[in-house]
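Asks: Take a look at the following structure, please.
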Amino acid sequence: MTTEASSLPSTSASPTVRQLWTRTRGVVLALVLLLAAAVAIAAVRSTSQHGVLDPRSADQYGSRAVAELLDERGVSTRVVTTLDEARAAAASDTTLLVAVPDLLTREQQDRLHATAEHSGGRTVLISPGPASVGTLAPGLGADPAPSLESTLSPACDLPDARRAGTADTGGVRYHVTAPDADACYLSDGLPGLVRVPAPEGDGDTVVLGAPDILFNDRLDEHGNASLALQLLGSRPHLVWYLPSLSDDALTGSGERSFLDLLPSGWLWGTLQLFVAAALAALWRARRLGPLVPERLPVAIRASETVEGRARLYRKAGARDRAAAALRSTARTRLAPLVGVPPAQAHTPETLLPALSAQLHDRGDGQALHTLLFGPPPGDDAALTALADRLDALESEVRRP
């Protein structure tokens, strides 16, 4: 018996490195694929979207070609990235182009409009939406539905548009209530280009619903180049305003909060992360309903079960639970031997007198109470001694 027990392979509750890899390789592979996809998307987007509406960029969505054509016609182009620079450059001989008006805060819009309205120059707004068009161009409102056509005809009396002809101006459409405004390139009755004259002087504001005519790869199509050169070349100087997070005018005090530095899509990105985490939790969930009993495919030796459970108790330091399990099992086995019903096996008032009678006063009542119902042992040695004493008690009760 001893030889057979010593020849059995030892069991362990601790997983091996191979078992850990087998369990986690699916998650690791998914994370690697997700990281690779994120890097690839970032690389593609950084390549294709680099320098959007930037007159220094030669990418397909840049505007370097427009700047070079204007330079050949004697129009200088200067890039600014702060509101103070844009306001300082506004003058009667200057065209101020605002690349992304919706990035400006409401306070920035008010200050920029107040400066441009009395400068006597031209202000060109590229695709302003509901967040900015009403402030920067009073009397205009952005329609929520964009144009379904990209190439449109002028259909107005504005000389710049009539000379250019058809152009890629389909994008944001505007409702016009401003007096004396020129509405061109209509789509379903709403214009994609509007010129609003200033209340005083020769200045005006041009609202362009689509940036396509300024892109390098679209400049040579239709009348895009002609329209762009006429809108931006009416003054000898062009100031190209690219709003930037480095602008100290983001807040009235010149100080920026943490939320001001976050990209506009951070909320949606955070929501997507929560959705992804919820889906991962559902995917990894093992049980979504009540437990279902299942027959084991192989028979497991009792010694392995006992050893595995003992290792778990030892790893958790749960001597109290181990002692309670030992005492409960001992009381369950002793009760039938001394004529106590199983339902009262764990009642000291019933079990202990029957044990004392069975032992013929060979057992101390207090010692039996401590042994079967006492406190948990303080260390592993006491737990081992408790198991030995319970075995000895059961052997003594079974002895004729």
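All residue names refer to the structure tokens as shown: chains lettered A, B, ... in order, residues numbered from 1 in each chain, ligands numbered from 1 in order.
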Pick out each residue of range 84-332 of chain A that DSSP on the backbone tags as alpha helix (DSSP H); I need them as a ChimeraX atom specification.
Replies: /A:84-89,106-117,133-136,159-164,224-232,258-261,266-284,302-316,319-332
Asks: What does the file look like for those residues with C-alpha atoms, as an mmCIF file, in the first residue's frame?
Replies:
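Output saved as part.cif:
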```cif
data_model
loop_
_atom_site.group_PDB
_atom_site.id
_atom_site.type_symbol
_atom_site.label_atom_id
_atom_site.label_comp_id
_atom_site.auth_asym_id
_atom_site.auth_seq_id
_atom_site.Cartn_x
_atom_site.Cartn_y
_atom_site.Cartn_z
ATOM 1 C CA ASP A 84 -4.291 87.103 -31.785
ATOM 2 C CA GLU A 85 -2.207 86.702 -34.960
ATOM 3 C CA ALA A 86 -5.329 86.418 -37.094
ATOM 4 C CA ARG A 87 -6.908 89.531 -35.576
ATOM 5 C CA ALA A 88 -3.691 91.508 -35.892
ATOM 6 C CA ALA A 89 -3.399 90.613 -39.578
ATOM 7 C CA ARG A 106 -17.799 80.921 -28.857
ATOM 8 C CA GLU A 107 -15.635 83.637 -27.315
ATOM 9 C CA GLN A 108 -13.055 83.270 -30.077
ATOM 10 C CA GLN A 109 -15.784 83.562 -32.695
ATOM 11 C CA ASP A 110 -17.132 86.763 -31.146
ATOM 12 C CA ARG A 111 -13.706 88.371 -30.995
ATOM 13 C CA LEU A 112 -12.795 87.337 -34.534
ATOM 14 C CA HIS A 113 -16.088 88.592 -35.968
ATOM 15 C CA ALA A 114 -15.774 91.917 -34.154
ATOM 16 C CA THR A 115 -12.347 92.439 -35.704
ATOM 17 C CA ALA A 116 -13.156 91.240 -39.222
ATOM 18 C CA GLU A 117 -16.422 93.190 -39.462
ATOM 19 C CA VAL A 133 -21.744 80.176 -38.920
ATOM 20 C CA GLY A 134 -24.366 82.178 -37.008
ATOM 21 C CA THR A 135 -21.680 84.039 -35.055
ATOM 22 C CA LEU A 136 -19.059 84.557 -37.745
ATOM 23 C CA PRO A 159 -18.950 87.745 -60.865
ATOM 24 C CA ASP A 160 -16.392 85.404 -59.273
ATOM 25 C CA ALA A 161 -18.784 82.460 -59.466
ATOM 26 C CA ARG A 162 -20.035 83.239 -62.971
ATOM 27 C CA ARG A 163 -16.461 83.403 -64.349
ATOM 28 C CA ALA A 164 -15.504 80.146 -62.626
ATOM 29 C CA ASN A 224 -12.200 74.910 -58.911
ATOM 30 C CA ALA A 225 -8.931 76.732 -59.542
ATOM 31 C CA SER A 226 -10.635 79.796 -60.993
ATOM 32 C CA LEU A 227 -13.084 80.064 -58.106
ATOM 33 C CA ALA A 228 -10.369 79.571 -55.477
ATOM 34 C CA LEU A 229 -8.061 82.170 -57.015
ATOM 35 C CA GLN A 230 -10.827 84.750 -57.314
ATOM 36 C CA LEU A 231 -12.125 84.255 -53.780
ATOM 37 C CA LEU A 232 -8.654 84.325 -52.201
ATOM 38 C CA PHE A 258 -7.517 69.676 -19.264
ATOM 39 C CA LEU A 259 -10.763 69.208 -21.233
ATOM 40 C CA ASP A 260 -9.720 71.966 -23.661
ATOM 41 C CA LEU A 261 -6.658 69.921 -24.613
ATOM 42 C CA TRP A 266 -12.651 61.747 -26.778
ATOM 43 C CA LEU A 267 -16.180 61.114 -25.477
ATOM 44 C CA TRP A 268 -17.064 58.748 -28.318
ATOM 45 C CA GLY A 269 -13.700 57.048 -27.958
ATOM 46 C CA THR A 270 -14.300 56.428 -24.254
ATOM 47 C CA LEU A 271 -17.785 55.076 -25.011
ATOM 48 C CA GLN A 272 -16.330 52.686 -27.578
ATOM 49 C CA LEU A 273 -13.828 51.420 -25.007
ATOM 50 C CA PHE A 274 -16.662 50.684 -22.550
ATOM 51 C CA VAL A 275 -18.606 48.852 -25.267
ATOM 52 C CA ALA A 276 -15.506 46.844 -26.195
ATOM 53 C CA ALA A 277 -14.921 45.942 -22.531
ATOM 54 C CA ALA A 278 -18.537 44.820 -22.159
ATOM 55 C CA LEU A 279 -18.304 42.654 -25.281
ATOM 56 C CA ALA A 280 -15.039 41.135 -24.036
ATOM 57 C CA ALA A 281 -16.677 40.336 -20.703
ATOM 58 C CA LEU A 282 -19.593 38.628 -22.438
ATOM 59 C CA TRP A 283 -17.188 36.711 -24.667
ATOM 60 C CA ARG A 284 -15.145 35.484 -21.715
ATOM 61 C CA ALA A 302 -9.836 10.311 -4.126
ATOM 62 C CA SER A 303 -6.271 10.983 -3.026
ATOM 63 C CA GLU A 304 -5.842 13.558 -5.785
ATOM 64 C CA THR A 305 -9.047 15.329 -4.798
ATOM 65 C CA VAL A 306 -8.051 15.394 -1.123
ATOM 66 C CA GLU A 307 -4.542 16.610 -1.918
ATOM 67 C CA GLY A 308 -5.765 19.277 -4.309
ATOM 68 C CA ARG A 309 -8.290 20.595 -1.829
ATOM 69 C CA ALA A 310 -5.714 20.547 0.940
ATOM 70 C CA ARG A 311 -3.313 22.585 -1.217
ATOM 71 C CA LEU A 312 -6.037 25.149 -1.848
ATOM 72 C CA TYR A 313 -6.762 25.425 1.880
ATOM 73 C CA ARG A 314 -3.052 25.769 2.624
ATOM 74 C CA LYS A 315 -2.513 28.379 -0.085
ATOM 75 C CA ALA A 316 -5.406 30.441 1.268
ATOM 76 C CA ARG A 319 -7.117 26.526 8.701
ATOM 77 C CA ASP A 320 -10.497 27.415 10.171
ATOM 78 C CA ARG A 321 -12.374 26.014 7.171
ATOM 79 C CA ALA A 322 -10.178 22.915 7.040
ATOM 80 C CA ALA A 323 -10.727 22.242 10.748
ATOM 81 C CA ALA A 324 -14.484 22.799 10.371
ATOM 82 C CA ALA A 325 -14.582 20.298 7.480
ATOM 83 C CA LEU A 326 -12.633 17.718 9.484
ATOM 84 C CA ARG A 327 -14.847 18.091 12.566
ATOM 85 C CA SER A 328 -18.086 18.040 10.560
ATOM 86 C CA THR A 329 -17.065 14.853 8.759
ATOM 87 C CA ALA A 330 -16.001 13.226 12.021
ATOM 88 C CA ARG A 331 -19.309 14.091 13.738
ATOM 89 C CA THR A 332 -21.248 12.738 10.738
#
```
Asks: Quick check, in Å to one decimal: how far apart do CA of Gly203 in chain A and CA of Arg122 in chain A lie?
Replies: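 According to the coordinates, CA of Gly203 in chain A and CA of Arg122 in chain A are separated by 5.3 Å.
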Asks: Could you find all residues in range 235-388 of chain A that DSSP calls strand (DSSP E or B) from the backbone, and write them as a PyMOL selection string?
Replies: chain A and resi 237-241
Asks: Name all residues at most 6 Å from Ser119 in chain A (count only C-alpha atoms; drop same-chain ones fewer than 4 positions away) and give them as a PyMOL selection string.
Replies: chain A and resi 90-92
Asks: Nearest residue to Leu383 in chain A out of A:Val239, A:Ala318, A:Ser127, A:Arg301, using only C-alpha atoms?
Replies: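 Closest candidate: A:Ala318.
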Asks: Can you tell me how far CA of Arg78 in chain A sits from CA of Tyr61 in chain A, in Å to one decimal?
Replies: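 Taking CA of Arg78 in chain A as the start and CA of Tyr61 in chain A as the end point, the length is 18.4 Å.
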Asks: Applying 12 Å and only C-alpha atoms, which residues near Ser244 in chain A remain after dropping the ones on its own chain fewer than 6 positions away? List them as number ranges by chain.
Replies: A: 79-86, 98-105, 250, 260-261, 263
Asks: Those same residues, written as an mmCIF file, in the first residue's frame with C-alpha atoms?
Replies:
```
data_model
loop_
_atom_site.group_PDB
_atom_site.id
_atom_site.type_symbol
_atom_site.label_atom_id
_atom_site.label_comp_id
_atom_site.auth_asym_id
_atom_site.auth_seq_id
_atom_site.Cartn_x
_atom_site.Cartn_y
_atom_site.Cartn_z
ATOM 1 C CA VAL A 79 -0.014 80.928 -42.054
ATOM 2 C CA VAL A 80 -1.108 81.805 -38.511
ATOM 3 C CA THR A 81 -2.257 79.455 -35.764
ATOM 4 C CA THR A 82 -3.486 81.790 -33.013
ATOM 5 C CA LEU A 83 -6.448 84.111 -32.744
ATOM 6 C CA ASP A 84 -4.291 87.103 -31.785
ATOM 7 C CA GLU A 85 -2.207 86.702 -34.960
ATOM 8 C CA ALA A 86 -5.329 86.418 -37.094
ATOM 9 C CA VAL A 98 -10.428 80.485 -41.447
ATOM 10 C CA ALA A 99 -9.784 76.823 -42.251
ATOM 11 C CA VAL A 100 -11.903 75.108 -39.588
ATOM 12 C CA PRO A 101 -14.274 77.640 -37.973
ATOM 13 C CA ASP A 102 -16.066 75.045 -35.859
ATOM 14 C CA LEU A 103 -12.872 74.502 -33.808
ATOM 15 C CA LEU A 104 -13.143 78.011 -32.404
ATOM 16 C CA THR A 105 -14.836 78.577 -29.085
ATOM 17 C CA LEU A 250 -8.980 79.296 -25.879
ATOM 18 C CA ASP A 260 -9.720 71.966 -23.661
ATOM 19 C CA LEU A 261 -6.658 69.921 -24.613
ATOM 20 C CA PRO A 263 -9.610 65.972 -28.939
#
```
Asks: Quick one: which range 82-174 of chain A residues come within 8 Å of range 212-215 of chain A, and what is the nearest atom pair for each with the distance in Å to one decimal, counting only C-alpha atoms, rows ordered by chain and ascending number, as JSON lines?
Replies:
```
{"residue": "A:Ala167", "atom": "CA", "partner": "A:Ile213", "partner_atom": "CA", "distance": 7.2}
{"residue": "A:Asp168", "atom": "CA", "partner": "A:Asp212", "partner_atom": "CA", "distance": 6.0}
{"residue": "A:Thr169", "atom": "CA", "partner": "A:Asp212", "partner_atom": "CA", "distance": 6.9}
```
Asks: Within 10 Å of Asn216 in chain A, counting only C-alpha atoms, which residues show up once you throw out same-chain ones fewer than 6 positions away? Write them as a PyMOL selection string, please.
Replies: chain A and resi 53+55+57-66+225
Asks: Next, dump the selected residues to file, keeping only N, CA and C atoms, as an mmCIF file, in the first residue's frame.
Replies:
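Resulting contents of part-v7.cif:
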```cif
data_model
loop_
_atom_site.group_PDB
_atom_site.id
_atom_site.type_symbol
_atom_site.label_atom_id
_atom_site.label_comp_id
_atom_site.auth_asym_id
_atom_site.auth_seq_id
_atom_site.Cartn_x
_atom_site.Cartn_y
_atom_site.Cartn_z
ATOM 1 N N LEU A 53 -6.004 71.176 -45.583
ATOM 2 C CA LEU A 53 -6.193 72.613 -45.794
ATOM 3 C C LEU A 53 -4.991 73.437 -45.324
ATOM 4 N N PRO A 55 -1.685 75.302 -46.436
ATOM 5 C CA PRO A 55 -1.062 75.790 -47.670
ATOM 6 C C PRO A 55 0.401 75.397 -47.808
ATOM 7 N N SER A 57 1.289 72.146 -47.308
ATOM 8 C CA SER A 57 1.265 70.707 -47.518
ATOM 9 C C SER A 57 1.033 70.375 -48.988
ATOM 10 N N ALA A 58 1.829 69.395 -49.482
ATOM 11 C CA ALA A 58 1.683 68.917 -50.859
ATOM 12 C C ALA A 58 0.859 67.639 -50.933
ATOM 13 N N ASP A 59 0.280 67.198 -49.804
ATOM 14 C CA ASP A 59 -0.577 66.014 -49.824
ATOM 15 C C ASP A 59 -1.847 66.308 -50.610
ATOM 16 N N GLN A 60 -2.602 65.240 -50.877
ATOM 17 C CA GLN A 60 -3.799 65.410 -51.713
ATOM 18 C C GLN A 60 -4.840 66.312 -51.060
ATOM 19 N N TYR A 61 -4.857 66.334 -49.727
ATOM 20 C CA TYR A 61 -5.804 67.197 -49.031
ATOM 21 C C TYR A 61 -5.167 68.495 -48.541
ATOM 22 N N GLY A 62 -3.942 68.739 -48.928
ATOM 23 C CA GLY A 62 -3.312 70.004 -48.623
ATOM 24 C C GLY A 62 -3.713 71.073 -49.633
ATOM 25 N N SER A 63 -3.186 72.296 -49.435
ATOM 26 C CA SER A 63 -3.559 73.427 -50.296
ATOM 27 C C SER A 63 -2.337 74.181 -50.802
ATOM 28 N N ARG A 64 -1.232 73.493 -50.967
ATOM 29 C CA ARG A 64 -0.009 74.146 -51.427
ATOM 30 C C ARG A 64 -0.144 74.651 -52.853
ATOM 31 N N ALA A 65 -0.884 73.920 -53.682
ATOM 32 C CA ALA A 65 -1.031 74.333 -55.079
ATOM 33 C C ALA A 65 -1.731 75.685 -55.181
ATOM 34 N N VAL A 66 -2.753 75.921 -54.366
ATOM 35 C CA VAL A 66 -3.449 77.209 -54.377
ATOM 36 C C VAL A 66 -2.506 78.327 -53.954
ATOM 37 N N ALA A 225 -10.083 75.838 -59.650
ATOM 38 C CA ALA A 225 -8.931 76.732 -59.542
ATOM 39 C C ALA A 225 -9.350 78.185 -59.739
#
```
Asks: Quick one: distance from CA of Val27 in chain A to CA of Ile41 in chain A in Å, one decimal?
Replies: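 Going from CA of Val27 in chain A over to CA of Ile41 in chain A, I get 20.9 Å.
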Asks: Rank nothing, just name the residue among A:Ala387, A:Leu219, A:Leu96, A:Cys156 nearest to Pro191 in chain A, using only C-alpha atoms.
Replies: A:Cys156
Asks: With only C-alpha atoms as the basis for distance, which of A:Ala335, A:Cys184, A:Leu148, A:Ile126 is at the shortest distance from Pro348 in chain A?
Replies: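 Checking each candidate against Pro348 in chain A, we get A:Ala335 as the closest.
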Asks: If we count only C-alpha atoms, what is near Leu368 in chain A at a cut-off of 12 Å, once residues fewer than 4 positions away on the same chain are taken out, given as a list in words?
Replies: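 Counting only C-alpha atoms, the residues come to Arg327, Ala330, Arg331, Pro348, Glu349, Leu351, Leu352, Pro353, Ala354, Leu355, Ser356, Leu359, Asp361, Arg362, Gly363, Asp364, Leu372, Phe373, Gly374, Leu386, Arg389, Leu390, Ala392, Leu393 and Glu394 of chain A.
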